[in-house]
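Pasting run_33.pdb here (PDB, C-alpha atoms):
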```
MODEL        1
ATOM      1  CA  MET A 954     121.684 143.683 152.127  1.00  0.00           C
ATOM      2  CA  GLN A 955     124.260 140.949 152.380  1.00  0.00           C
ATOM      3  CA  CYS A 956     126.516 140.105 149.441  1.00  0.00           C
ATOM      4  CA  SER A 957     128.010 136.620 149.255  1.00  0.00           C
ATOM      5  CA  VAL A 958     130.589 135.128 146.956  1.00  0.00           C
ATOM      6  CA  PHE A 959     130.049 131.507 145.983  1.00  0.00           C
ATOM      7  CA  THR A 960     132.559 129.170 144.487  1.00  0.00           C
ATOM      8  CA  MET A 961     131.578 126.953 141.602  1.00  0.00           C
ATOM      9  CA  SER A 962     131.693 123.851 143.779  1.00  0.00           C
ATOM     10  CA  GLN A 963     129.213 125.449 146.157  1.00  0.00           C
ATOM     11  CA  LEU A 964     126.862 126.353 143.305  1.00  0.00           C
ATOM     12  CA  VAL A 965     126.929 122.917 141.734  1.00  0.00           C
ATOM     13  CA  SER A 966     126.417 120.336 144.411  1.00  0.00           C
ATOM     14  CA  SER A 967     126.752 116.645 143.714  1.00  0.00           C
ATOM     15  CA  GLN A 968     123.028 116.206 144.126  1.00  0.00           C
ATOM     16  CA  SER A 969     122.122 118.780 141.482  1.00  0.00           C
ATOM     17  CA  MET A 970     124.781 117.455 139.098  1.00  0.00           C
ATOM     18  CA  SER A 971     123.400 113.940 139.335  1.00  0.00           C
ATOM     19  CA  SER A 972     119.916 115.253 138.575  1.00  0.00           C
ATOM     20  CA  TRP A 973     121.232 116.483 135.220  1.00  0.00           C
ATOM     21  CA  LEU A 974     122.172 112.919 134.365  1.00  0.00           C
ATOM     22  CA  ASP A 975     118.891 111.335 135.454  1.00  0.00           C
ATOM     23  CA  VAL A 976     116.499 110.440 132.666  1.00  0.00           C
ATOM     24  CA  LYS A 977     112.819 110.252 133.441  1.00  0.00           C
ATOM     25  CA  ILE A 978     110.528 108.868 130.777  1.00  0.00           C
ATOM     26  CA  ASP A 979     106.849 109.740 130.718  1.00  0.00           C
ATOM     27  CA  PHE A 980     105.478 106.760 128.796  1.00  0.00           C
ATOM     28  CA  ASP A 981     102.202 108.545 128.120  1.00  0.00           C
ATOM     29  CA  GLN A 982     104.118 111.138 126.096  1.00  0.00           C
ATOM     30  CA  SER A 983     107.263 109.296 124.951  1.00  0.00           C
ATOM     31  CA  HIS A 984     105.804 108.405 121.557  1.00  0.00           C
ATOM     32  CA  LEU A 985     105.588 112.130 120.728  1.00  0.00           C
ATOM     33  CA  PHE A 986     109.362 112.729 120.896  1.00  0.00           C
ATOM     34  CA  PHE A 987     110.238 112.115 117.236  1.00  0.00           C
ATOM     35  CA  PRO A 988     107.046 113.569 115.739  1.00  0.00           C
ATOM     36  CA  HIS A 989     107.806 116.863 117.509  1.00  0.00           C
ATOM     37  CA  ILE A 990     111.306 116.859 116.021  1.00  0.00           C
ATOM     38  CA  ILE A 991     110.016 116.041 112.520  1.00  0.00           C
ATOM     39  CA  ILE A 992     107.259 118.678 112.672  1.00  0.00           C
ATOM     40  CA  GLY A 993     109.786 121.272 113.846  1.00  0.00           C
ATOM     41  CA  LEU A 994     112.160 120.402 110.999  1.00  0.00           C
ATOM     42  CA  LEU A 995     109.339 120.541 108.438  1.00  0.00           C
ATOM     43  CA  ILE A 996     108.248 123.964 109.676  1.00  0.00           C
ATOM     44  CA  MET A 997     111.821 125.258 109.551  1.00  0.00           C
ATOM     45  CA  MET A 998     112.280 123.929 105.999  1.00  0.00           C
ATOM     46  CA  ALA A 999     108.957 125.448 104.861  1.00  0.00           C
ATOM     47  CA  VAL A1000     109.954 128.848 106.264  1.00  0.00           C
ATOM     48  CA  LEU A1001     113.365 128.556 104.592  1.00  0.00           C
ATOM     49  CA  ILE A1002     111.833 127.640 101.226  1.00  0.00           C
ATOM     50  CA  MET A1003     109.350 130.500 101.452  1.00  0.00           C
ATOM     51  CA  ALA A1004     112.120 132.939 102.381  1.00  0.00           C
ATOM     52  CA  LEU A1005     114.384 131.838  99.545  1.00  0.00           C
ATOM     53  CA  GLU A1006     111.875 131.102  96.776  1.00  0.00           C
ATOM     54  CA  GLY A1007     108.620 132.835  97.729  1.00  0.00           C
ATOM     55  CA  ARG A1008     109.256 136.233  96.138  1.00  0.00           C
ATOM     56  CA  ARG A1009     110.487 134.700  92.873  1.00  0.00           C
ATOM     57  CA  PHE A1010     107.521 132.317  92.693  1.00  0.00           C
ATOM     58  CA  MET A1011     105.022 135.102  93.341  1.00  0.00           C
ATOM     59  CA  SER A1012     106.542 137.304  90.621  1.00  0.00           C
ATOM     60  CA  ARG A1013     106.456 134.412  88.134  1.00  0.00           C
ATOM     61  CA  LEU A1014     102.847 133.736  89.142  1.00  0.00           C
ATOM     62  CA  LYS A1015     101.877 137.381  88.492  1.00  0.00           C
ATOM     63  CA  LEU A1016     103.611 137.341  85.100  1.00  0.00           C
ATOM     64  CA  GLY A1017     101.773 134.157  84.129  1.00  0.00           C
ATOM     65  CA  ASP A1018     104.960 132.116  83.695  1.00  0.00           C
ATOM     66  CA  VAL A1019     103.681 129.539  86.131  1.00  0.00           C
ATOM     67  CA  SER A1020     100.144 128.550  87.004  1.00  0.00           C
ATOM     68  CA  PHE A1021      98.959 127.567  90.428  1.00  0.00           C
ATOM     69  CA  SER A1022      97.129 124.274  90.118  1.00  0.00           C
ATOM     70  CA  LEU A1023      97.019 121.304  92.426  1.00  0.00           C
ATOM     71  CA  PHE A1024      97.467 118.743  89.657  1.00  0.00           C
ATOM     72  CA  GLN A1025      99.453 118.828  86.475  1.00  0.00           C
ATOM     73  CA  PRO A1026      97.834 117.332  83.364  1.00  0.00           C
ATOM     74  CA  GLY A1027      98.186 113.566  83.385  1.00  0.00           C
ATOM     75  CA  ALA A1028      98.843 113.373  87.130  1.00  0.00           C
ATOM     76  CA  ASP A1029      98.193 110.009  88.736  1.00  0.00           C
ATOM     77  CA  LYS A1030      95.374 111.029  91.057  1.00  0.00           C
ATOM     78  CA  MET A1031      94.496 107.457  92.008  1.00  0.00           C
ATOM     79  CA  ARG A1032      97.921 106.851  93.525  1.00  0.00           C
ATOM     80  CA  PHE A1033      97.961 110.281  95.170  1.00  0.00           C
ATOM     81  CA  PHE A1034      94.595 109.926  96.886  1.00  0.00           C
ATOM     82  CA  GLY A1035      95.179 106.218  97.532  1.00  0.00           C
ATOM     83  CA  THR A1036      98.398 107.087  99.352  1.00  0.00           C
ATOM     84  CA  LEU A1037      96.682 109.757 101.449  1.00  0.00           C
ATOM     85  CA  ILE A1038      93.856 107.398 102.399  1.00  0.00           C
ATOM     86  CA  LEU A1039      96.242 104.544 103.232  1.00  0.00           C
ATOM     87  CA  ILE A1040      98.372 106.793 105.452  1.00  0.00           C
ATOM     88  CA  VAL A1041      95.352 108.077 107.378  1.00  0.00           C
ATOM     89  CA  VAL A1042      93.977 104.555 107.822  1.00  0.00           C
ATOM     90  CA  TYR A1043      97.436 103.283 108.826  1.00  0.00           C
ATOM     91  CA  PHE A1044      97.918 105.800 111.636  1.00  0.00           C
ATOM     92  CA  TRP A1045      94.336 105.495 112.842  1.00  0.00           C
ATOM     93  CA  SER A1046      94.448 101.681 112.865  1.00  0.00           C
ATOM     94  CA  MET A1047      97.910 101.638 114.480  1.00  0.00           C
ATOM     95  CA  ASP A1048      96.477 103.512 117.436  1.00  0.00           C
ATOM     96  CA  ALA A1049      93.347 101.318 117.582  1.00  0.00           C
ATOM     97  CA  VAL A1050      95.290  98.045 117.450  1.00  0.00           C
ATOM     98  CA  GLY A1051      97.893  99.435 119.876  1.00  0.00           C
ATOM     99  CA  GLN A1052      95.111 100.070 122.398  1.00  0.00           C
ATOM    100  CA  LEU A1053      94.091  96.406 122.159  1.00  0.00           C
ATOM    101  CA  PHE A1054      97.653  95.218 122.885  1.00  0.00           C
ATOM    102  CA  PRO A1055      99.261  97.972 124.985  1.00  0.00           C
ATOM    103  CA  ASN A1056     103.045  98.258 125.252  1.00  0.00           C
ATOM    104  CA  MET A1057     103.741  95.297 122.983  1.00  0.00           C
ATOM    105  CA  GLY A1058     104.283  97.060 119.660  1.00  0.00           C
ATOM    106  CA  MET A1059     101.492  95.055 118.076  1.00  0.00           C
ATOM    107  CA  GLY A1060      99.830  98.216 116.764  1.00  0.00           C
ATOM    108  CA  PHE A1061     102.941  98.872 114.706  1.00  0.00           C
ATOM    109  CA  LEU A1062     103.505  95.276 113.637  1.00  0.00           C
ATOM    110  CA  LEU A1063      99.959  94.236 112.780  1.00  0.00           C
ATOM    111  CA  THR A1064      99.166  97.393 110.823  1.00  0.00           C
ATOM    112  CA  SER A1065     102.524  97.847 109.073  1.00  0.00           C
ATOM    113  CA  ILE A1066     102.254  94.525 107.256  1.00  0.00           C
ATOM    114  CA  PRO A1067      98.995  95.333 105.423  1.00  0.00           C
ATOM    115  CA  PHE A1068     100.063  98.986 104.972  1.00  0.00           C
ATOM    116  CA  ILE A1069     103.307  98.069 103.201  1.00  0.00           C
ATOM    117  CA  LEU A1070     101.481  95.423 101.180  1.00  0.00           C
ATOM    118  CA  MET A1071      98.754  97.848 100.042  1.00  0.00           C
ATOM    119  CA  MET A1072     101.217 100.680  99.298  1.00  0.00           C
ATOM    120  CA  SER A1073     103.398  98.349  97.239  1.00  0.00           C
ATOM    121  CA  LEU A1074     100.411  96.998  95.341  1.00  0.00           C
ATOM    122  CA  LEU A1075      99.225 100.541  94.697  1.00  0.00           C
ATOM    123  CA  TYR A1076     102.518 101.526  93.073  1.00  0.00           C
ATOM    124  CA  VAL A1077     103.458  98.365  91.172  1.00  0.00           C
ATOM    125  CA  HIS A1078     102.801  98.677  87.436  1.00  0.00           C
ATOM    126  CA  LYS A1079     102.867  95.193  85.977  1.00  0.00           C
ATOM    127  CA  PHE A1080     102.030  92.199  88.125  1.00  0.00           C
ATOM    128  CA  ASN A1081     103.733  88.870  87.853  1.00  0.00           C
ATOM    129  CA  ARG A1082     104.391  86.116  90.347  1.00  0.00           C
ATOM    130  CA  ARG A1083     107.925  87.243  91.108  1.00  0.00           C
ATOM    131  CA  LYS A1084     106.896  90.833  91.872  1.00  0.00           C
ATOM    132  CA  LEU A1085     103.954  89.697  93.958  1.00  0.00           C
ATOM    133  CA  LEU A1086     106.147  87.291  95.939  1.00  0.00           C
ATOM    134  CA  SER A1087     108.759  89.978  96.610  1.00  0.00           C
ATOM    135  CA  ILE A1088     106.042  92.452  97.656  1.00  0.00           C
ATOM    136  CA  VAL A1089     104.499  89.977 100.097  1.00  0.00           C
ATOM    137  CA  LEU A1090     107.891  88.966 101.524  1.00  0.00           C
ATOM    138  CA  ASN A1091     108.902  92.602 101.967  1.00  0.00           C
ATOM    139  CA  ALA A1092     105.568  93.452 103.593  1.00  0.00           C
ATOM    140  CA  VAL A1093     106.033  90.677 106.154  1.00  0.00           C
ATOM    141  CA  ILE A1094     109.792  90.645 106.761  1.00  0.00           C
ATOM    142  CA  ALA A1095     110.514  94.403 106.971  1.00  0.00           C
ATOM    143  CA  PRO A1096     108.020  95.193 109.779  1.00  0.00           C
ATOM    144  CA  LEU A1097     109.037  92.055 111.669  1.00  0.00           C
ATOM    145  CA  VAL A1098     112.709  93.036 111.557  1.00  0.00           C
ATOM    146  CA  VAL A1099     111.974  96.642 112.565  1.00  0.00           C
ATOM    147  CA  TRP A1100     109.639  95.499 115.357  1.00  0.00           C
ATOM    148  CA  TYR A1101     112.196  93.008 116.640  1.00  0.00           C
ATOM    149  CA  VAL A1102     115.211  95.336 116.484  1.00  0.00           C
ATOM    150  CA  LEU A1103     113.488  98.412 117.924  1.00  0.00           C
ATOM    151  CA  GLY A1104     111.163  96.680 120.351  1.00  0.00           C
ATOM    152  CA  GLN A1105     113.272  93.790 121.561  1.00  0.00           C
ATOM    153  CA  TRP A1106     116.919  94.797 121.144  1.00  0.00           C
ATOM    154  CA  PHE A1107     116.626  98.496 121.959  1.00  0.00           C
ATOM    155  CA  ALA A1108     113.470  98.360 124.089  1.00  0.00           C
ATOM    156  CA  ILE A1109     111.879 101.270 122.220  1.00  0.00           C
ATOM    157  CA  THR A1110     108.158 101.396 122.817  1.00  0.00           C
ATOM    158  CA  LEU A1111     106.160 101.084 119.633  1.00  0.00           C
ATOM    159  CA  PRO A1112     102.456 101.861 119.268  1.00  0.00           C
TER
ENDMDL
END
```
For this file, write the structure as structure tokens.
Amino acid sequence: MQCSVFTMSQLVSSQSMSSWLDVKIDFDQSHLFFPHIIIGLLIMMAVLIMALEGRRFMSRLKLGDVSFSLFQPGADKMRFFGTLILIVVYFWSMDAVGQLFPNMGMGFLLTSIPFILMMSLLYVHKFNRRKLLSIVLNAVIAPLVVWYVLGQWFAITLP
């Protein structure tokens, strides 16, 4: 058995060091980068909340101090379910429209405008012309600015 001593410069060649700095993007999977981060953070926060508050909540539940119900009396179920439906339709339609116009960000742009419009209309309480105008302007301008800045300036691929 032969024993060799290597210096650090022999272990880290210039070729292997440059490979650490190379960035390869798999465009079929690049859109999953941030969702993986967000899902990981949500899981970590849920575990933390359960670790810190779970025992206390369960003891209060057994004593009858708190009841376990999905909705409190007087909850706005229309806005809750409307939001859930709009989010599901938004993500589904973003993918469908994105398939029609690949790598252009049109899935994001063309579905974000009606999504923001519908969400704003769902949550506005009293309509008047001024509110409606500001809702429509926000629904058009905000996605356009985001699409332009992310897609054009920073070359981030959008669905």
Which one of A:Met998, A:Leu1062, A:Met1072, A:Val1050 sits closest to Leu1037 of chain A if you count only C-alpha atoms? A:Met1072
Using only C-alpha atoms, which residues sit within 10 Å of His984 of chain A once same-chain residues fewer than 4 positions away are excluded, as an mmCIF file with C-alpha atoms, in the frame of the given file?
```
data_model
loop_
_atom_site.group_PDB
_atom_site.id
_atom_site.type_symbol
_atom_site.label_atom_id
_atom_site.label_comp_id
_atom_site.auth_asym_id
_atom_site.auth_seq_id
_atom_site.Cartn_x
_atom_site.Cartn_y
_atom_site.Cartn_z
ATOM 1 C CA ASP A 979 106.849 109.740 130.718
ATOM 2 C CA PHE A 980 105.478 106.760 128.796
ATOM 3 C CA PRO A 988 107.046 113.569 115.739
ATOM 4 C CA HIS A 989 107.806 116.863 117.509
ATOM 5 C CA ILE A 1109 111.879 101.270 122.220
ATOM 6 C CA THR A 1110 108.158 101.396 122.817
ATOM 7 C CA LEU A 1111 106.160 101.084 119.633
ATOM 8 C CA PRO A 1112 102.456 101.861 119.268
#
```
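From atom CA of Leu985 of chain A back to atom CA of Ile1066 of chain A, the distance works out to 22.4 Å.
Those DNA, RNA and protein residues that approach the point (97.4, 99.6, 88.7) to within 12 Å, considering all atoms listed in the file, are Asp1029, Lys1030, Met1031, Arg1032, Gly1035, Met1071, Met1072, Ser1073, Leu1074, Leu1075, Tyr1076, Val1077, His1078, Lys1079 and Phe1080 of chain A.
The closest residue to Gly1051 of chain A, picked from A:Val1098, A:Leu1063, A:Leu995, A:Leu1023 and counting all atoms listed in the file, is A:Leu1063.
Between atom CA of Phe1068 of chain A and atom CA of Tyr1043 of chain A the separation is 6.3 Å.
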How many Å separate atom CA of Val1093 of chain A from atom CA of Ala1049 of chain A? 20.1 Å
Any chance you could work out the axis-aligned box around segment 994-1006 of chain A, listed atoms only, 5 Å on each side, giving centre and edge lengths in Å to one decimal, as lines of an AutoDock Vina configuration file?
```
center_x = 111.3
center_y = 126.7
center_z = 103.9
size_x = 16.1
size_y = 22.5
size_z = 24.2
```
Would you pick out the contacts of Trp1100 of chain A at 8 Å or less, using all atoms listed in the file, so that residues sharing its chain but fewer than 4 positions from it are not included, and give the list as a VMD selection string? chain A and resid 1058 1061 to 1062 1096 1104 to 1105 1111
